[in-house]
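Participant: My structure is below; once you've seen it, I'll send some questions.
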Amino acid sequence: MDLQTAIQERFSYRGKYLNTPVPHKDLRLLLEAGLAAPSGCNKQTTSLIALEDSLLVKQVAALMEKPNFASAPAAICVLTQRIIAYRDRTYYVQDYAAAIENILLTATAMGYASCWVEGHITDADRIGRRMADMLGVPQDRELVAYLPIGVPAEKPVNVQKKPFDERAWFNGYGKTEEN
């Protein structure tokens with residue numbers, strides 16, 4: 001699948017997954033795609049853990065109480081470090097967001113579905129830290145996102161995107177291609 005097709009076909013999948021294993025080599029390609037993402041001042045604040053043991057996937061996903069995510073045969077946990085990149089600025093959020101998008105697009109191109117799960121694990125209940133502790137993640141790193149990976153068992157429900165001319169313009173706000 002070419003890049004533009006993957007961009008247009010990517011969607012957040014929250015349904016159940018088929019019990020089709022994700023080969024180790026595919027998980028490695030997904031990790032490599034994530035690590036190839038740009039990072040602010042090249043601080044490379046993002047780290048990744050692939051979960052290919054189905055029991056471990058179920059145990060980690062159970063912390064979120066989302067049974068559909070526990071049905072995924074694999075997952076990727078996204079870690080970050082809040083490193084000062086320039087003066088007093090950090091770019092860790094942009095860094096892991098770029099890594100996640102690379103992973104999601106690569107997963108789509110490979111025929112897999114996923115979902116960027118962040119809110120459930122970064123809330124005040126600290127599910128991300130509990131996941132991190134389960135995986136032996138050091139205290140100086142935060143587990144900020146969980147990406148189930150697998151073949152969808154259900155037909156995806158695509159969300160309706162707003163029309164192009166309501167969200168994108170040329171040479172100024174609200175200016176269409178014809179202006």
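Just remember, in the structure tokens the first chain shown is A, the second B, etc., residues are 1-based per chain, and ligands are 1-based in the order shown.
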Can you check which residues of stretch 72-134 of chain A DSSP gives as strand (DSSP E or B) on the backbone and send them as a compact mmCIF listing (two decimals) with C-alpha atoms, in the first residue's frame?

Facilitator:
```txt
# COMPACT_ATOMS: atom_id res chain seq x y z
CA ALA A 74 0.02 -7.93 20.02
CA ALA A 75 0.49 -4.40 21.27
CA ILE A 76 3.03 -1.61 21.44
CA CYS A 77 3.57 0.45 24.58
CA VAL A 78 4.93 3.94 24.02
CA LEU A 79 7.31 5.38 26.59
CA THR A 80 8.68 8.89 26.94
CA ILE A 84 14.83 19.50 28.14
CA ALA A 85 15.57 19.97 24.44
CA TYR A 86 16.14 23.69 23.99
CA ARG A 89 11.46 23.57 26.39
CA THR A 90 10.61 19.92 26.01
CA ALA A 113 -5.67 -2.18 12.76
CA SER A 114 -4.87 -0.26 15.91
CA VAL A 117 -5.01 4.75 23.52
```

Participant: Hey, what's within 8 Å of stretch 129-133 of chain A if we count only C-alpha atoms and toss same-chain stuff fewer than 5 positions away? As a list in words, please?

Facilitator: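 These residues fall inside the cut-off: Val60, Leu63, Pro138, Glu142 and Leu143 of chain A.
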
Participant: Would you save the residues from that selection as a PDB file, in the first residue's frame, using N, CA and C atoms?

Facilitator:
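After the write, selection-v5.pdb holds the following:
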```pdb
ATOM      1  N   VAL A  60      -1.773  -6.705  30.486  1.00  0.00           N
ATOM      2  CA  VAL A  60      -1.565  -5.255  30.407  1.00  0.00           C
ATOM      3  C   VAL A  60      -2.864  -4.565  30.008  1.00  0.00           C
ATOM      4  N   LEU A  63      -5.677  -3.890  32.638  1.00  0.00           N
ATOM      5  CA  LEU A  63      -5.586  -2.725  33.521  1.00  0.00           C
ATOM      6  C   LEU A  63      -6.481  -1.578  33.040  1.00  0.00           C
ATOM      7  N   PRO A 138      11.734   1.687  33.951  1.00  0.00           N
ATOM      8  CA  PRO A 138      12.314   2.517  35.010  1.00  0.00           C
ATOM      9  C   PRO A 138      11.442   3.733  35.336  1.00  0.00           C
ATOM     10  N   GLU A 142       7.886   7.412  31.307  1.00  0.00           N
ATOM     11  CA  GLU A 142       6.432   7.306  31.451  1.00  0.00           C
ATOM     12  C   GLU A 142       5.867   6.469  30.320  1.00  0.00           C
ATOM     13  N   LEU A 143       4.948   5.578  30.638  1.00  0.00           N
ATOM     14  CA  LEU A 143       4.210   4.852  29.614  1.00  0.00           C
ATOM     15  C   LEU A 143       2.996   5.720  29.295  1.00  0.00           C
TER      16      LEU A 143
END
```

Participant: In Å, rounded to a single decimal, give me how far atom CA of A:Gln160 is from atom CA of A:Arg10.

Facilitator: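 Interatomic distance here is 12.8 Å.
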
Participant: For stretch 34-43 of chain A, work out the shell of residues within 7 Å, counting only C-alpha atoms and skipping chain neighbours fewer than 6 positions away, then give it as a list in words.

Facilitator: Ala85, Tyr91, Asp95, Ala98, Ala99, Ile100, Asn102 and Ile103 of chain A

Participant: Would you output that residue set with N, CA and C atoms, as a JSON list (two decimals), in the first residue's frame?

Facilitator:
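Ended up saving to again_28.json:
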```
[["chain", "number", "residue", "atom", "x", "y", "z"],
["A", 85, "ALA", "N", 14.98, 20.02, 25.77],
["A", 85, "ALA", "CA", 15.57, 19.97, 24.44],
["A", 85, "ALA", "C", 16.25, 21.28, 24.07],
["A", 91, "TYR", "N", 10.02, 18.64, 24.08],
["A", 91, "TYR", "CA", 9.22, 18.28, 22.91],
["A", 91, "TYR", "C", 8.78, 16.82, 22.98],
["A", 95, "ASP", "N", 7.35, 14.37, 20.12],
["A", 95, "ASP", "CA", 8.18, 13.21, 19.76],
["A", 95, "ASP", "C", 7.37, 11.92, 19.75],
["A", 98, "ALA", "N", 4.64, 11.83, 16.95],
["A", 98, "ALA", "CA", 5.18, 11.51, 15.63],
["A", 98, "ALA", "C", 5.48, 10.02, 15.52],
["A", 99, "ALA", "N", 6.04, 9.44, 16.57],
["A", 99, "ALA", "CA", 6.34, 8.01, 16.56],
["A", 99, "ALA", "C", 5.06, 7.18, 16.43],
["A", 100, "ILE", "N", 4.03, 7.57, 17.18],
["A", 100, "ILE", "CA", 2.76, 6.84, 17.12],
["A", 100, "ILE", "C", 2.15, 6.92, 15.73],
["A", 102, "ASN", "N", 3.65, 7.33, 12.88],
["A", 102, "ASN", "CA", 4.42, 6.45, 12.00],
["A", 102, "ASN", "C", 4.00, 4.98, 12.18],
["A", 103, "ILE", "N", 3.82, 4.58, 13.43],
["A", 103, "ILE", "CA", 3.42, 3.19, 13.71],
["A", 103, "ILE", "C", 2.03, 2.92, 13.15]]
```

Participant: From the DSSP assignment of the backbone, select every residue of stretch 1-176 of chain A that is helix (DSSP H, G or I), and format the answer as a PyMOL selection string.

Facilitator: chain A and resi 3-9+24-35+40-42+54-62+67-70+92-109+119-122+127-134+164-166

Participant: Please report the interatomic distance between atom CA of A:Gln59 and atom CA of A:Asn158 in Å with one decimal.

Facilitator: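 For atom CA of A:Gln59 relative to atom CA of A:Asn158, the distance reads 28.6 Å.
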
Participant: Pick from A:Ile127, A:Cys115, A:Ile7, A:Met1: nearest to A:Ala72, with only C-alpha atoms counted?

Facilitator: A:Cys115

Participant: Can you tell me, as a ChimeraX atom specification, what residues are no more than 12 Å from A:Gly111 when counting only C-alpha atoms, ignoring any on the same chain fewer than 6 positions away?

Facilitator: /A:1,5-6,9-11,20,22,26,104-105,149-152

Participant: Restricted to C-alpha atoms, what would the selected residues look like written as a short mmCIF file (atom, residue, chain, number, x, y, z; two decimals), in the first residue's frame?

Facilitator:
```
data_model
loop_
_atom_site.label_atom_id
_atom_site.label_comp_id
_atom_site.auth_asym_id
_atom_site.auth_seq_id
_atom_site.Cartn_x
_atom_site.Cartn_y
_atom_site.Cartn_z
CA MET A 1 0.00 0.00 0.00
CA THR A 5 -3.53 5.35 0.67
CA ALA A 6 -2.39 4.39 4.18
CA GLU A 9 -7.40 4.47 5.13
CA ARG A 10 -6.01 4.68 8.69
CA PHE A 11 -8.70 4.61 11.37
CA THR A 20 -4.19 -14.13 14.06
CA VAL A 22 1.40 -10.72 14.42
CA ASP A 26 6.14 -7.28 11.54
CA LEU A 104 -0.28 3.63 12.91
CA LEU A 105 0.37 4.38 9.25
CA ILE A 149 -2.09 -4.40 16.98
CA GLY A 150 -3.89 -7.03 14.98
CA VAL A 151 -6.32 -7.96 12.25
CA PRO A 152 -9.79 -6.54 12.93
#
```

Participant: So which one's closest to A:Phe69, A:Val144, A:Ile83, A:Val57, A:Val137? Using only C-alpha atoms, please.

Facilitator: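 When distances to A:Phe69 are compared using only C-alpha atoms, the smallest one comes from A:Val57.
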
Participant: Work out how far apart atom CA of A:Tyr92 and atom CA of A:Asp140 are and give it in Å to one decimal.

Facilitator: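 For atom CA of A:Tyr92 relative to atom CA of A:Asp140, the distance reads 13.1 Å.
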
Participant: Rank A:Leu48, A:Ala168, A:Leu55, A:Leu31 by their smallest atom-to-atom distance to A:Pro73, using only C-alpha atoms, and report the top residue only.

Facilitator: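 Closest to A:Pro73 of all the choices is A:Leu55.
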
Participant: Which residue is closest to A:Val157? Choose from A:Lys175, A:Leu27, A:Trp116, A:Gly15 and count only C-alpha atoms.

Facilitator: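 Closest candidate: A:Gly15.
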
Participant: Between A:Tyr17, A:His120, A:Arg82, A:Leu135, which is the closest to A:Glu65 once you count only C-alpha atoms?

Facilitator: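 Closest to A:Glu65 of all the choices is A:His120.
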
Participant: May I have the residues within 9 Å of A:Glu118 as a list in words, using only C-alpha atoms and disregarding those fewer than 6 positions away in the same chain?

Facilitator: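 Here the qualifying residues turn out to be Gly128, Val144, Ala145, Tyr146 and Leu147 of chain A.
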
Participant: The selected residues should be written to file as a PDB file, in the first residue's frame (atoms: C-alpha atoms).

Facilitator:
```pdb
ATOM      1  CA  GLY A 128       0.184   3.914  32.622  1.00  0.00           C
ATOM      2  CA  VAL A 144       1.980   7.306  27.746  1.00  0.00           C
ATOM      3  CA  ALA A 145       0.206   5.270  25.077  1.00  0.00           C
ATOM      4  CA  TYR A 146      -0.931   1.758  24.282  1.00  0.00           C
ATOM      5  CA  LEU A 147      -1.433   0.560  20.706  1.00  0.00           C
TER       6      LEU A 147
END
```
